[in-house]
Structures are given as structure tokens and as C-alpha cells.
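Colleague: What follows is a structure written as C-alpha cells; I'll ask about it next.
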Amino acid sequence: MRILVVGGHGKVALLLHPLLVEAGHQVTAVIRNPDHQAEVGATGATATVADVEHLGVDDLAELLAGHDAIVWSAGAGGGNPARTYAVDRDAAIRAMDAATEAKIQRFVMVSYFGAGPEHGVDPENAFFAYADAKATADTYLEATSLDWTILRPSRLTDDPATGRIETASQGATAGSVSRADVAAVIANVLGDPATARQAIAFNNGATPIAEAVRSTP
């Protein structure tokens with residue numbers, strides 16, 4: 001497939017690109033800072049410089065055109081509520097509309113464990129803007145006609161890949177998961193049409209990734 005990864009210089013994305021390239025896919029990594037082109041290129045992906053925070057739907061559709069799947073792994077990084085809403089909610093929603101306009105069905109969203117309208121984060125908590133933005137974006141995606149998969153990993157670590165996870169449908173509660181395993185989960189669901197229209201919350205665990213994501217209701 002021709003896969004476009006938005007947030008292409010993120011820690012998870014830099015681990016994802018080599019997995020996708022090794023699997024035979026063509027990967028375009030959308031980055032905001034041109035200084036990151038060489039680092040992204042070293043992963044086997046082709047870097048494209050674009051600031052999705054400020055692109056409208058038509059411009060995003062032009063950026064997405066020609067790809068078979070979109071991975072949204074972009075985020076404002078916290079600290080600024082206005083920018084969090086601008087990127088994690090508004091830009092993400094425009095990308096969904098752009099995918100529809102560009103006739104790209106497959107859309108994989110990287111969210112977080114516990115995301116959704118019932119996230120329960122206090123509005124006074126610094127995390128609220130992110131939780132609220134992701135809840136809105138995830139809900140919007142679920143209502144589209146896209147072949148979406150929403151991935152909700154727990155707290156991210158830099159531990160080595162294990163190749164094994166546990167999903168919420170298996171009884172997992174919020175814990176932790178390595179970024180390397182998150183990258184592997186993304187790669188796996190992209191190659192498995194049966195994971196479309198599923199929201200998968202997960203930690204590190206004992207079940208091989210392919211088995212765990214396939215068994216999600």
C-alpha cells in the first residue's frame with residue numbers, strides 16, 4: 001500500500017516507518033519541521049513538509065491524494081490548550097473529511113487508553129484539553145463512512161518491543177505499552193482489513209499482536 005503517516009517525526013512514527021517499508025509499503029511521512037527530513041528519510045520513508053494545523057480540507061485532500069491509507073499520529077504535545085484543540089481535534093477532523101474527499105477509505109487514528117466522551121478528566125486538569133479534543137475527534141471518526149481503526153494505547157514507554165499486548169476486550173485496564181509495540185500494532189492493523197471499524201485499547205501483555213487485534217469485538 002501507499003501509506004501516509006501524519007506526525008511522521010513522532011517517536012512512534014519513527015519506529016513505524018521501517019516496519020511498513022520492510023513489509024513492502026511505500027511510506028510518506030508528513031512533518032512540520034524541514035530539519036527533520038534526513039532523520040525521517042533514514043527510516044525508509046519519504047518526508048513531506050506540511051503544517052496540517054493550518055491546512056484546509058481541500059489542501060489536505062491534495063496532500064492525501066494517491067495514498068491507500070492514512071495514519072494519524074500527529075499531536076500538539078500538550079501544554080497549550082488552544083493548539084491542542086487546533087491539532088488533535090480540528091486538524092484531525094479536517095483530515096477525515098479530506099480522506100473522504102480524496103476517496104481514501106482506510107484511516108488509522110492513534111488515540112489513548114480511556115479516550116471517549118466518558119473520559120472523566122476534570123476540566124481543571126491540564127490533561128482535559130487533550131482528552132476533550134481526542135473524544136471529539138474519535139467520535140467524529142466513528143460516525144464517518146471511512147474504514148477506520150482507533151488505537152488506544154496506554155502510557156507509552158521506550159522499552160523494547162515484545163510483540164505481545166493485552167486489549168481492553170481481554171480485560172486490560174490502563175497500564176503501559178512500549179512505543180515499539182504501538183508501532184507494531186499500527187502496522188498489523190493496516191494489513192488486516194478485519195480490524196476496520198474497531199476501537200482497540202491495549203497494554204503490553206501476553207497475547208501475540210496479530211491474535212489480540214483480530215479477537216477484538
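The chains in the C-alpha cells are called A, B, ... from first to last as shown; in each chain the residues are counted from 1, and the ligands are counted from 1 in the order shown.
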Could you pull the residues within 12 Å of stretch 209-217 of chain A, counting only C-alpha atoms, minus those fewer than 2 positions along the same chain, as JSON, numbers by chain?

Modeller: {"A": [149, 150, 151, 152, 161, 162, 163, 164, 165, 166, 167, 168, 169, 170, 171, 172, 180, 181, 182, 183, 184, 185, 186, 187, 188, 189, 190, 191, 192, 193, 194, 195, 196, 197, 198, 199, 200, 201, 202, 203, 204, 205, 206, 207]}

Colleague: As a list of chain:residue names, please: all residues of stretch 10-141 of chain A that backbone DSSP puts in strand (DSSP E).

Modeller: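 Matching residues for strand (DSSP E) in stretch 10-141 of chain A are A:Gln26, A:Val27, A:Thr28, A:Ala29, A:Val30, A:Ile31, A:Thr46, A:Ala47, A:Thr48, A:Val49, A:Ala69, A:Ile70, A:Val71, A:Trp72, A:Arg106, A:Phe107, A:Val108, A:Met109, A:Val110.
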
Colleague: Find the residues of stretch 35-103 of chain A that sit at most 9 Å from stretch 11-29 of chain A; for each, write down the nearest two atoms and how far apart they are in Å, to one decimal. Count only C-alpha atoms. Sort by chain, then by number going up, and give it as a tab-separated table.

Modeller:
```
residue	atom	partner	partner_atom	distance
A:Glu39	CA	A:Leu14	CA	8.6
A:Val40	CA	A:Leu14	CA	6.9
A:Gly41	CA	A:Ala29	CA	8.8
A:Thr43	CA	A:Pro18	CA	5.4
A:Gly44	CA	A:Pro18	CA	6.1
A:Ala45	CA	A:Val27	CA	4.9
A:Thr46	CA	A:Thr28	CA	4.8
A:Ala47	CA	A:Ala29	CA	4.8
A:Thr48	CA	A:Ala29	CA	6.0
A:Val49	CA	A:Ala29	CA	8.4
A:His67	CA	A:Thr28	CA	8.8
A:Ser73	CA	A:Ala13	CA	7.1
```

Colleague: I need the residue nearest A:Gly114 from this list: A:Ile31, A:Arg155, A:Ala174, A:Thr84. Use only C-alpha atoms for the distance.

Modeller: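 Smallest distance to A:Gly114 is found for A:Ala174.
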
Colleague: Calculate how many Å separate atom CA of A:Ile93 from atom CA of A:Thr136, rounding to one decimal.

Modeller: 8.8 Å

Colleague: Using backbone DSSP assignments, extract all helix (DSSP H, G or I) residues from chain A; output them as a VMD selection string.

Modeller: chain A and resid 11 to 22 34 to 41 52 to 54 57 to 64 81 to 101 128 to 142 168 to 170 179 to 190 193 to 195 209 to 214

Colleague: Which neighbours of A:Asp90 fall inside 12 Å, counting only C-alpha atoms, when residues of the same chain fewer than 2 positions from it are skipped, and could you give them as a PyMOL selection string?

Modeller: chain A and resi 52-57+74-76+82-88+92-97+130+132-138+140-141

Colleague: Which residue out of A:Phe128, A:Leu64, A:Val71, A:Gly10 has the minimum interatomic distance to A:Arg179 when only C-alpha atoms are used?

Modeller: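 So, comparing all the options, the nearest one is A:Gly10.
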
Colleague: Can you pull out the residues contacting A:Thr100? Cut-off 12 Å, using only C-alpha atoms, and skip same-chain residues under 6 positions away; I want them as a list in words.

Modeller: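 Here the qualifying residues turn out to be Val57, Asp58, Leu60, Ala61, Glu62, Leu64, Ala65, Asp68, Ala69, Ile70, Ile93, Arg94, Arg106, Phe107, Leu141, Thr144, Ser145, Leu146, Asp147 and Trp148 of chain A.
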
Colleague: Quick one: pull the distance between atom CA of A:Glu101 and atom CA of A:Pro117, Å, one decimal.

Modeller: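 Separation between atom CA of A:Glu101 and atom CA of A:Pro117: 26.7 Å.
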
Colleague: Go through A:Ala99, A:Ser178, A:Asn80, A:Thr139 and flag the residue nearest A:Pro153, using only C-alpha atoms for the distances.

Modeller: A:Ser178

Colleague: Measure the distance from atom CA of A:Ala115 to atom CA of A:Ala50 in Å and round it to one decimal.

Modeller: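 Pair atom CA of A:Ala115 / atom CA of A:Ala50 returns 27.0 Å.
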
Colleague: Which one of A:Tyr112, A:Asp158, A:Ile104, A:Gly78 sits closest to A:Ala126 if you count only C-alpha atoms?

Modeller: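 Of all the options, A:Gly78 lies closest to A:Ala126.
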
Colleague: Restricting the calculation to only C-alpha atoms, which member of A:Gly7, A:Gly175, A:Gly66, A:Pro34 is positioned closest to A:Lys103?

Modeller: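 Ranking A:Gly7, A:Gly175, A:Gly66, A:Pro34 by distance to A:Lys103, first place goes to A:Gly66.
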